[in-house]
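The file my_file_10.txt contains compact mmCIF, C-alpha atoms:
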# COMPACT_ATOMS: atom_id res chain seq x y z
CA MET A 1 68.21 67.59 57.28
CA TYR A 2 70.51 66.14 54.64
CA ILE A 3 70.55 63.76 51.70
CA LEU A 4 73.29 61.40 50.57
CA ARG A 5 74.28 61.26 46.91
CA PHE A 6 76.21 58.32 45.48
CA ASP A 7 77.61 58.20 41.95
CA MET A 8 80.54 55.91 42.83
CA ARG A 9 83.20 57.66 40.75
CA ASP A 10 86.44 55.88 41.54
CA PRO A 11 89.64 56.88 39.72
CA SER A 12 92.47 54.36 39.76
CA TRP A 13 94.36 56.18 42.52
CA ALA A 14 91.37 56.33 44.90
CA ALA A 15 89.76 53.74 47.20
CA PRO A 16 89.22 50.14 46.02
CA PRO A 17 85.72 49.63 44.51
CA ALA A 18 84.86 46.94 47.07
CA ALA A 19 85.54 49.37 49.92
CA LEU A 20 83.35 52.07 48.35
CA TYR A 21 80.42 49.80 47.52
CA GLY A 22 80.63 48.14 50.91
CA ALA A 23 80.47 51.50 52.66
CA VAL A 24 77.24 52.66 50.99
CA PRO A 25 74.74 50.43 52.88
CA GLU A 26 76.64 51.10 56.13
CA MET A 27 76.49 54.86 55.63
CA CYS A 28 72.83 54.79 54.71
CA ALA A 29 71.91 52.65 57.71
CA TRP A 30 73.79 55.07 59.98
CA ALA A 31 72.28 58.13 58.33
CA GLU A 32 68.76 56.78 58.77
CA ASP A 33 69.24 56.98 62.53
CA HIS A 34 71.00 60.36 62.41
CA GLY A 35 68.73 62.68 60.46
CA GLY A 36 69.33 61.51 56.90
CA ALA A 37 66.31 62.00 54.67
CA ALA A 38 67.20 60.19 51.45
CA ALA A 39 69.88 58.44 49.43
CA VAL A 40 70.23 59.27 45.73
CA PHE A 41 71.76 56.81 43.26
CA CYS A 42 72.92 58.13 39.89
CA GLU A 43 73.58 56.35 36.58
CA HIS A 44 76.13 56.57 33.78
CA HIS A 45 77.91 53.98 31.63
CA GLY A 46 81.37 53.41 30.23
CA SER A 47 83.04 55.99 32.46
CA GLU A 48 86.77 55.54 32.96
CA ASP A 49 86.36 56.09 36.70
CA GLY A 50 83.68 53.43 37.13
CA TYR A 51 80.63 55.67 37.57
CA LEU A 52 77.68 53.68 38.93
CA PRO A 53 75.99 51.82 36.03
CA SER A 54 73.38 49.94 38.09
CA PRO A 55 71.39 52.05 40.56
CA PHE A 56 68.91 49.21 41.13
CA LEU A 57 71.48 46.85 42.62
CA LEU A 58 72.98 49.41 44.97
CA ALA A 59 69.56 50.74 46.02
CA SER A 60 68.42 47.18 46.74
CA ALA A 61 71.43 46.62 48.99
CA VAL A 62 70.55 49.80 50.87
CA ALA A 63 66.86 48.85 51.07
CA ALA A 64 67.87 45.64 52.84
CA ARG A 65 69.75 47.59 55.54
CA THR A 66 67.21 50.37 56.16
CA GLN A 67 63.53 50.79 57.03
CA ARG A 68 62.74 54.50 56.63
CA LEU A 69 65.34 56.16 54.42
CA ALA A 70 63.90 57.35 51.11
CA LEU A 71 65.61 55.94 48.01
CA SER A 72 65.83 57.98 44.82
CA LEU A 73 67.12 56.43 41.59
CA ILE A 74 68.17 58.50 38.57
CA LEU A 75 67.69 56.37 35.45
CA ILE A 76 68.50 57.01 31.78
CA LEU A 77 65.23 55.75 30.35
CA PRO A 78 66.23 55.05 26.70
CA PHE A 79 68.71 52.40 27.88
CA TYR A 80 65.99 50.25 29.49
CA GLU A 81 63.57 47.68 28.10
CA PRO A 82 60.28 48.90 29.61
CA VAL A 83 58.87 45.51 30.67
CA ARG A 84 62.03 44.56 32.57
CA LEU A 85 62.26 48.07 34.01
CA ALA A 86 58.69 47.85 35.31
CA GLU A 87 59.48 44.46 36.88
CA ASP A 88 62.59 45.81 38.60
CA MET A 89 60.66 48.83 39.87
CA ALA A 90 57.91 46.57 41.21
CA VAL A 91 60.37 44.33 43.07
CA LEU A 92 62.26 47.26 44.57
CA ASP A 93 58.94 48.81 45.62
CA ILE A 94 58.18 45.62 47.54
CA LEU A 95 61.68 45.26 49.01
CA SER A 96 61.77 48.87 50.17
CA GLY A 97 58.20 49.08 51.41
CA GLY A 98 57.38 51.76 48.86
CA ARG A 99 60.37 54.00 49.63
CA ALA A 100 61.83 54.14 46.11
CA SER A 101 61.18 57.04 43.76
CA TYR A 102 62.57 57.70 40.30
CA ILE A 103 63.99 60.52 38.23
CA LEU A 104 63.87 59.49 34.57
CA ALA A 105 66.07 61.29 32.07
CA LEU A 106 67.32 61.16 28.49
CA GLY A 107 71.06 61.18 29.10
CA TYR A 108 73.40 63.32 27.04
CA ARG A 109 76.64 61.44 26.34
CA PRO A 110 77.01 60.01 22.79
CA GLU A 111 79.51 57.46 24.12
CA GLU A 112 76.85 55.86 26.28
CA TYR A 113 74.38 55.61 23.44
CA GLU A 114 77.06 53.91 21.37
CA ILE A 115 77.55 51.31 24.11
CA PHE A 116 73.86 50.41 23.89
CA GLY A 117 73.79 50.48 20.10
CA LEU A 118 71.50 53.52 20.04
CA SER A 119 71.65 56.95 18.48
CA LEU A 120 71.60 60.08 20.61
CA ARG A 121 69.39 61.67 17.96
CA ASP A 122 66.66 59.14 18.76
CA ARG A 123 66.64 59.66 22.53
CA GLY A 124 63.42 61.68 22.70
CA ARG A 125 61.49 59.19 20.59
CA LEU A 126 62.90 56.26 22.55
CA ALA A 127 61.84 57.82 25.84
CA ASP A 128 58.34 58.55 24.59
CA ASP A 129 57.94 55.02 23.22
CA LYS A 130 58.96 53.47 26.54
CA LEU A 131 57.45 55.81 29.08
CA GLY A 132 53.82 55.24 28.14
CA LEU A 133 54.12 51.44 28.34
CA LEU A 134 56.12 51.63 31.57
CA ARG A 135 53.43 53.64 33.34
CA GLN A 136 50.64 51.35 32.14
CA LEU A 137 52.46 48.27 33.42
CA LEU A 138 53.24 49.82 36.80
CA ALA A 139 49.55 50.67 37.15
CA GLY A 140 48.74 46.97 36.81
CA GLU A 141 47.30 47.13 33.31
CA THR A 142 47.57 44.31 30.80
CA VAL A 143 48.69 45.79 27.51
CA VAL A 144 48.26 44.21 24.07
CA GLU A 145 50.93 45.57 21.75
CA ASN A 146 51.79 44.19 18.31
CA GLY A 147 50.03 40.96 19.20
CA ARG A 148 51.88 40.60 22.50
CA ARG A 149 50.00 40.37 25.80
CA ILE A 150 52.15 42.19 28.35
CA MET A 151 51.76 42.40 32.12
CA VAL A 152 53.98 42.72 35.16
CA THR A 153 53.98 40.37 38.14
CA PRO A 154 54.22 40.82 41.02
CA LEU A 155 52.51 44.18 41.17
CA PRO A 156 54.24 46.98 43.08
CA GLN A 157 53.31 47.23 46.73
CA THR A 158 52.36 50.85 46.08
CA ALA A 159 49.03 50.98 44.27
CA GLY A 160 49.55 52.42 40.80
CA GLY A 161 53.32 52.08 40.98
CA PRO A 162 56.08 53.95 42.80
CA GLY A 163 54.67 56.88 44.72
CA MET A 164 56.89 59.52 43.12
CA MET A 165 58.16 59.64 39.57
CA TRP A 166 59.89 62.70 38.14
CA TRP A 167 61.27 63.69 34.80
CA GLY A 168 64.78 65.13 34.95
CA GLY A 169 66.47 67.55 32.58
CA GLY A 170 67.58 71.08 31.97
CA SER A 171 65.60 72.28 28.97
CA LEU A 172 62.17 73.55 28.01
CA ALA A 173 61.63 70.29 26.08
CA ALA A 174 62.26 68.31 29.28
CA ALA A 175 59.75 70.47 31.14
CA ARG A 176 57.13 69.89 28.45
CA ARG A 177 57.74 66.12 28.46
CA ALA A 178 57.29 66.00 32.25
CA GLY A 179 54.00 67.86 31.91
CA ARG A 180 52.79 65.69 29.04
CA TYR A 181 53.08 62.55 31.15
CA GLY A 182 51.92 64.09 34.42
CA LEU A 183 55.28 63.59 36.15
CA GLY A 184 56.99 65.83 38.63
CA MET A 185 59.81 68.00 37.24
CA LEU A 186 63.25 67.73 38.77
CA ALA A 187 65.47 70.03 36.75
CA ASN A 188 69.24 70.32 36.81
CA ALA A 189 68.97 74.01 35.96
CA ASN A 190 66.61 76.95 36.41
CA ILE A 191 66.24 78.11 32.82
CA PRO A 192 63.80 81.01 32.33
CA GLY A 193 60.41 79.71 31.32
CA MET A 194 60.87 76.12 32.50
CA ARG A 195 58.28 76.28 35.26
CA GLU A 196 55.76 77.97 32.97
CA ALA A 197 56.42 75.41 30.20
CA TYR A 198 55.93 72.57 32.66
CA GLU A 199 52.69 73.89 34.11
CA GLU A 200 51.27 74.74 30.69
CA SER A 201 52.07 71.26 29.40
CA CYS A 202 50.45 69.66 32.46
CA ARG A 203 47.23 71.57 31.92
CA LYS A 204 47.26 70.93 28.18
CA HIS A 205 47.36 67.17 28.76
CA GLY A 206 44.87 67.09 31.61
CA HIS A 207 47.26 66.78 34.56
CA ALA A 208 47.52 68.83 37.71
CA PRO A 209 51.08 70.19 38.03
CA GLY A 210 53.12 68.02 40.35
CA ALA A 211 56.15 68.54 42.54
CA THR A 212 58.96 70.59 40.99
CA PHE A 213 62.54 71.52 41.76
CA PHE A 214 64.46 74.11 39.75
CA PRO A 215 67.92 74.59 41.30
CA ASP A 216 69.90 77.77 40.94
CA ARG A 217 73.30 77.61 39.26
CA ASP A 218 75.01 78.00 42.63
CA SER A 219 73.27 75.04 44.28
CA PRO A 220 75.97 72.72 45.67
CA SER A 221 76.06 69.09 44.59
CA ALA A 222 78.72 67.98 47.09
CA THR A 223 78.92 69.46 50.58
CA PHE A 224 81.32 68.53 53.35
CA VAL A 225 81.31 69.90 56.90
CA ALA A 226 84.59 70.39 58.75
CA ASP A 227 85.84 71.78 62.04
CA ASP A 228 88.98 72.93 60.21
CA VAL A 229 88.15 73.93 56.62
CA ASP A 230 91.80 74.41 55.60
CA GLN A 231 92.73 70.93 56.78
CA ALA A 232 89.67 69.49 55.07
CA TRP A 233 90.66 71.00 51.72
CA SER A 234 94.13 69.49 52.03
CA GLU A 235 92.56 66.10 52.79
CA LEU A 236 89.63 66.13 50.35
CA GLY A 237 90.71 68.49 47.61
CA GLU A 238 92.03 66.01 45.05
CA TYR A 239 88.87 63.91 45.29
CA LEU A 240 86.54 66.89 44.91
CA LEU A 241 88.61 68.22 42.02
CA HIS A 242 88.39 64.90 40.19
CA ASP A 243 84.64 64.90 40.60
CA ALA A 244 84.25 68.50 39.44
CA ARG A 245 86.55 68.15 36.44
CA SER A 246 84.89 64.90 35.36
CA TYR A 247 81.43 66.44 35.26
CA ALA A 248 82.77 69.55 33.54
CA ALA A 249 84.45 67.42 30.85
CA TRP A 250 81.07 65.84 30.11
CA ASN A 251 79.43 69.27 29.96
CA PRO A 252 81.73 71.62 28.00
CA GLY A 253 80.40 75.15 27.88
CA ASN A 254 77.55 74.40 30.29
CA GLU A 255 77.08 77.55 32.35
CA THR A 256 73.49 76.93 33.44
CA SER A 257 73.27 73.55 35.19
CA ALA A 258 73.82 73.24 38.90
CA GLY A 259 76.75 71.09 39.99
CA ILE A 260 79.08 72.04 37.14
CA SER A 261 82.35 73.88 37.81
CA HIS A 262 84.89 74.53 35.07
CA VAL A 263 88.09 74.59 37.11
CA ASN A 264 91.59 73.15 36.84
CA THR A 265 93.09 73.28 40.32
CA ILE A 266 92.09 72.63 43.91
CA ALA A 267 92.70 76.29 44.73
CA GLU A 268 90.44 77.38 41.91
CA LEU A 269 87.76 74.93 43.01
CA ARG A 270 87.92 76.26 46.56
CA ASP A 271 87.93 79.93 45.58
CA THR A 272 85.35 79.99 42.79
CA SER A 273 83.22 76.84 42.84
CA LYS A 274 79.69 76.73 44.19
CA SER A 275 79.21 73.07 43.25
CA HIS A 276 81.74 71.45 45.60
CA VAL A 277 81.96 73.15 48.97
CA ILE A 278 83.49 72.56 52.38
CA ILE A 279 81.82 74.60 55.09
CA SER A 280 82.51 75.04 58.78
CA THR A 281 80.45 73.30 61.42
CA SER A 282 79.00 76.62 62.58
CA GLU A 283 77.97 77.56 59.04
CA ALA A 284 76.35 74.17 58.54
CA ILE A 285 74.37 74.64 61.74
CA SER A 286 73.20 78.05 60.53
CA ARG A 287 72.17 76.66 57.15
CA VAL A 288 70.19 73.78 58.63
CA ARG A 289 68.57 76.11 61.15
CA ALA A 290 67.49 78.29 58.22
CA GLY A 291 65.80 75.29 56.58
CA GLU A 292 68.48 74.33 54.04
CA VAL A 293 68.85 70.68 53.12
CA LEU A 294 72.52 69.73 52.91
CA THR A 295 73.48 67.67 49.85
CA LEU A 296 76.27 65.37 50.95
CA SER A 297 78.40 63.25 48.64
CA PRO A 298 80.25 61.19 51.25
CA LEU A 299 82.35 59.14 48.83
CA CYS A 300 82.91 61.95 46.31
CA GLY A 301 85.60 61.20 43.75
CA GLY A 302 86.44 57.83 45.30
CA LEU A 303 87.13 59.23 48.76
CA PRO A 304 88.25 56.35 51.01
CA PRO A 305 85.56 55.48 53.55
CA GLU A 306 87.91 55.92 56.49
CA LEU A 307 88.38 59.55 55.46
CA ALA A 308 84.71 60.02 54.61
CA TRP A 309 83.11 58.77 57.82
CA PRO A 310 84.16 61.64 60.15
CA TYR A 311 82.69 64.22 57.78
CA LEU A 312 79.40 62.34 57.58
CA LYS A 313 79.23 61.75 61.32
CA ARG A 314 79.89 65.42 62.01
CA VAL A 315 76.66 66.29 60.22
CA GLY A 316 74.53 63.67 61.97
CA GLU A 317 76.07 63.88 65.44
CA VAL A 318 76.92 67.58 65.74
CA VAL A 319 75.23 69.78 63.14
CA LEU A 320 71.69 68.42 63.24
CA PRO A 321 71.37 68.07 67.03
CA GLU A 322 72.76 71.58 67.55
CA ALA A 323 70.57 73.12 64.85
CA LEU A 324 67.47 71.40 66.18
CA SER A 325 68.18 72.36 69.79
CA GLU A 326 68.59 76.00 68.82
CA ARG A 327 65.40 75.88 66.77
CA LYS A 328 63.45 74.39 69.70
CA ALA A 329 64.84 77.00 72.07
CA SER A 330 63.55 79.77 69.82
CA LEU A 331 59.98 78.42 69.81
Here is the file; what I need is its structure written in the form of structure tokens.
Amino acid sequence: MYILRFDMRDPSWAAPPAALYGAVPEMCAWAEDHGGAAAVFCEHHGSEDGYLPSPFLLASAVAARTQRLALSLILILPFYEPVRLAEDMAVLDILSGGRASYILALGYRPEEYEIFGLSLRDRGRLADDKLGLLRQLLAGETVVENGRRIMVTPLPQTAGGPGMMWWGGGSLAAARRAGRYGLGMLANANIPGMREAYEESCRKHGHAPGATFFPDRDSPSATFVADDVDQAWSELGEYLLHDARSYAAWNPGNETSAGISHVNTIAELRDTSKSHVIISTSEAISRVRAGEVLTLSPLCGGLPPELAWPYLKRVGEVVLPEALSERKASL
């Protein structure tokens, strides 16, 4: 099994934006028929390399080309007006047949808050102010607030709103906020005490603990599968390095979150990084057979689609069928 992650980073020397955005629905439609479990769409703003600012639009394009593939949107909640956000969630729920889920987060870049005319210091309060109203509207409630009568139409296809909603973050405060609102917890780190803080907060506020994911520091965020790993590094290295260095520049000194590698060269990325990996076909088969879900980033760092497709197809056409056949033979 594998998931596809799209953040649409695209430095000036990489593929044209139209080629990258055009490839996403095609890749997702193909993956749906070749063992892909989900597509993840990330969000940031004002990035020099064009990082995806609008997960809703790209997810909607994918929803129109697929029928079964799960869609997961990572949203920076303080940047959204909650009524419009609830409306967009309701429409995507209808378009996708209830396949969209959400990871809501605070964000962490002051530059982005400046773009929206907000202060990073206010992010927790902003999220709390918006999250309560958002959940009421998605549940079909009519809310009277400051003399306003607020409702959302049409209602989501999924009764009560999207079937899965998580809170994302890498701190004890994030875990407590997830528990307070009865959300699942999708962390970007496995900090000691996070699970306990989450479960305690759930119980304190009358919620049963939900689904959780606490990744280890070494969990890869971008995996490629190659028949010839050396050749793959020569072909993909500059794109993976751009991706790794860009995330590291946004997270100076971060030694806890998964997906962050503080490196300066392709050789260093290959030798020391756990976040961006190229593995052999045989290793990929072994990992899938052992139950690991591969996290693919097919267009990582603006990788041209014509270079990306063979790596994606290798997973769906070679790795999964071989892993599944070996697993069936052992039963």
Could you give me, as number ranges by chain, the residues that sit within 9 Å of (66.6, 72.5, 29.8) in the file's coordinates, counting only C-alpha atoms?
A: 169-175, 187-191, 194, 256-257
Distance criterion (all atoms listed in the file): nearest to A:Ile94 out of A:Ala63, A:Ala19, A:Ala249, A:Ala308:
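The answer is A:Ala63, which sits nearest to A:Ile94.
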Using only C-alpha atoms, pick whichever of A:Ser119, A:Ser201, A:Gln157, A:Thr142 has the shortest atom-to-atom distance to A:Arg177.
A:Ser201
Using all atoms listed in the file, which residues sit within 6 Å of A:Tyr51 once same-chain residues fewer than 6 positions away are excluded, as a list in words?
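The residues that qualify are Asp7, Met8, Arg9 and His44 of chain A.
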Have a look at atom CA of A:Ile266 and atom CA of A:Glu238 and let me know their distance in Å, one decimal.
6.7 Å
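Of the listed residues A:Arg180, A:Arg195, A:Arg245, A:Arg123, the one whose atoms come nearest to A:His207 is A:Arg180, with distances taken using all atoms listed in the file.
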Tell me, in Å to one decimal, how far atom CA of A:Gly22 is from atom CA of A:Glu48.
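Here the two named atoms are 20.4 Å from each other.
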Please work out which residues fall within 12 Å of (73.8, 58.7, 58.4), coordinates as given in the file, with only C-alpha atoms counting, and return them as a PyMOL selection string.
chain A and resi 1-5+23-39+66+68-69+296-298+308-318+320
Mind writing the picked residues with C-alpha atoms as a CSV table (one decimal), keeping the file's coordinate frame?
chain,number,residue,atom,x,y,z
A,1,MET,CA,68.2,67.6,57.3
A,2,TYR,CA,70.5,66.1,54.6
A,3,ILE,CA,70.6,63.8,51.7
A,4,LEU,CA,73.3,61.4,50.6
A,5,ARG,CA,74.3,61.3,46.9
A,23,ALA,CA,80.5,51.5,52.7
A,24,VAL,CA,77.2,52.7,51.0
A,25,PRO,CA,74.7,50.4,52.9
A,26,GLU,CA,76.6,51.1,56.1
A,27,MET,CA,76.5,54.9,55.6
A,28,CYS,CA,72.8,54.8,54.7
A,29,ALA,CA,71.9,52.6,57.7
A,30,TRP,CA,73.8,55.1,60.0
A,31,ALA,CA,72.3,58.1,58.3
A,32,GLU,CA,68.8,56.8,58.8
A,33,ASP,CA,69.2,57.0,62.5
A,34,HIS,CA,71.0,60.4,62.4
A,35,GLY,CA,68.7,62.7,60.5
A,36,GLY,CA,69.3,61.5,56.9
A,37,ALA,CA,66.3,62.0,54.7
A,38,ALA,CA,67.2,60.2,51.4
A,39,ALA,CA,69.9,58.4,49.4
A,66,THR,CA,67.2,50.4,56.2
A,68,ARG,CA,62.7,54.5,56.6
A,69,LEU,CA,65.3,56.2,54.4
A,296,LEU,CA,76.3,65.4,51.0
A,297,SER,CA,78.4,63.2,48.6
A,298,PRO,CA,80.2,61.2,51.2
A,308,ALA,CA,84.7,60.0,54.6
A,309,TRP,CA,83.1,58.8,57.8
A,310,PRO,CA,84.2,61.6,60.2
A,311,TYR,CA,82.7,64.2,57.8
A,312,LEU,CA,79.4,62.3,57.6
A,313,LYS,CA,79.2,61.8,61.3
A,314,ARG,CA,79.9,65.4,62.0
A,315,VAL,CA,76.7,66.3,60.2
A,316,GLY,CA,74.5,63.7,62.0
A,317,GLU,CA,76.1,63.9,65.4
A,318,VAL,CA,76.9,67.6,65.7
A,320,LEU,CA,71.7,68.4,63.2
Atomic distance atom CA of A:Trp166 - atom CA of A:Ile74, expressed in Å with one decimal:
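Separation between atom CA of A:Trp166 and atom CA of A:Ile74: 9.3 Å.
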May I have the residues within 9 Å of A:Leu131 as a list of chain:residue names, using all atoms listed in the file and disregarding those fewer than 5 positions away in the same chain?
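Residues meeting the cut-off are A:Leu77, A:Pro82, A:Leu126, A:Gln136, A:Tyr181.
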Test item: residues at most 8 Å from A:Gly46, all atoms listed in the file, excluding those fewer than 6 positions along its chain, as a PyMOL selection string
chain A and resi 111-112+115
Between A:Pro162, A:Gly182, A:Pro192, A:Gly301, single out the one closest to A:His276, counting all atoms listed in the file.
A:Gly301
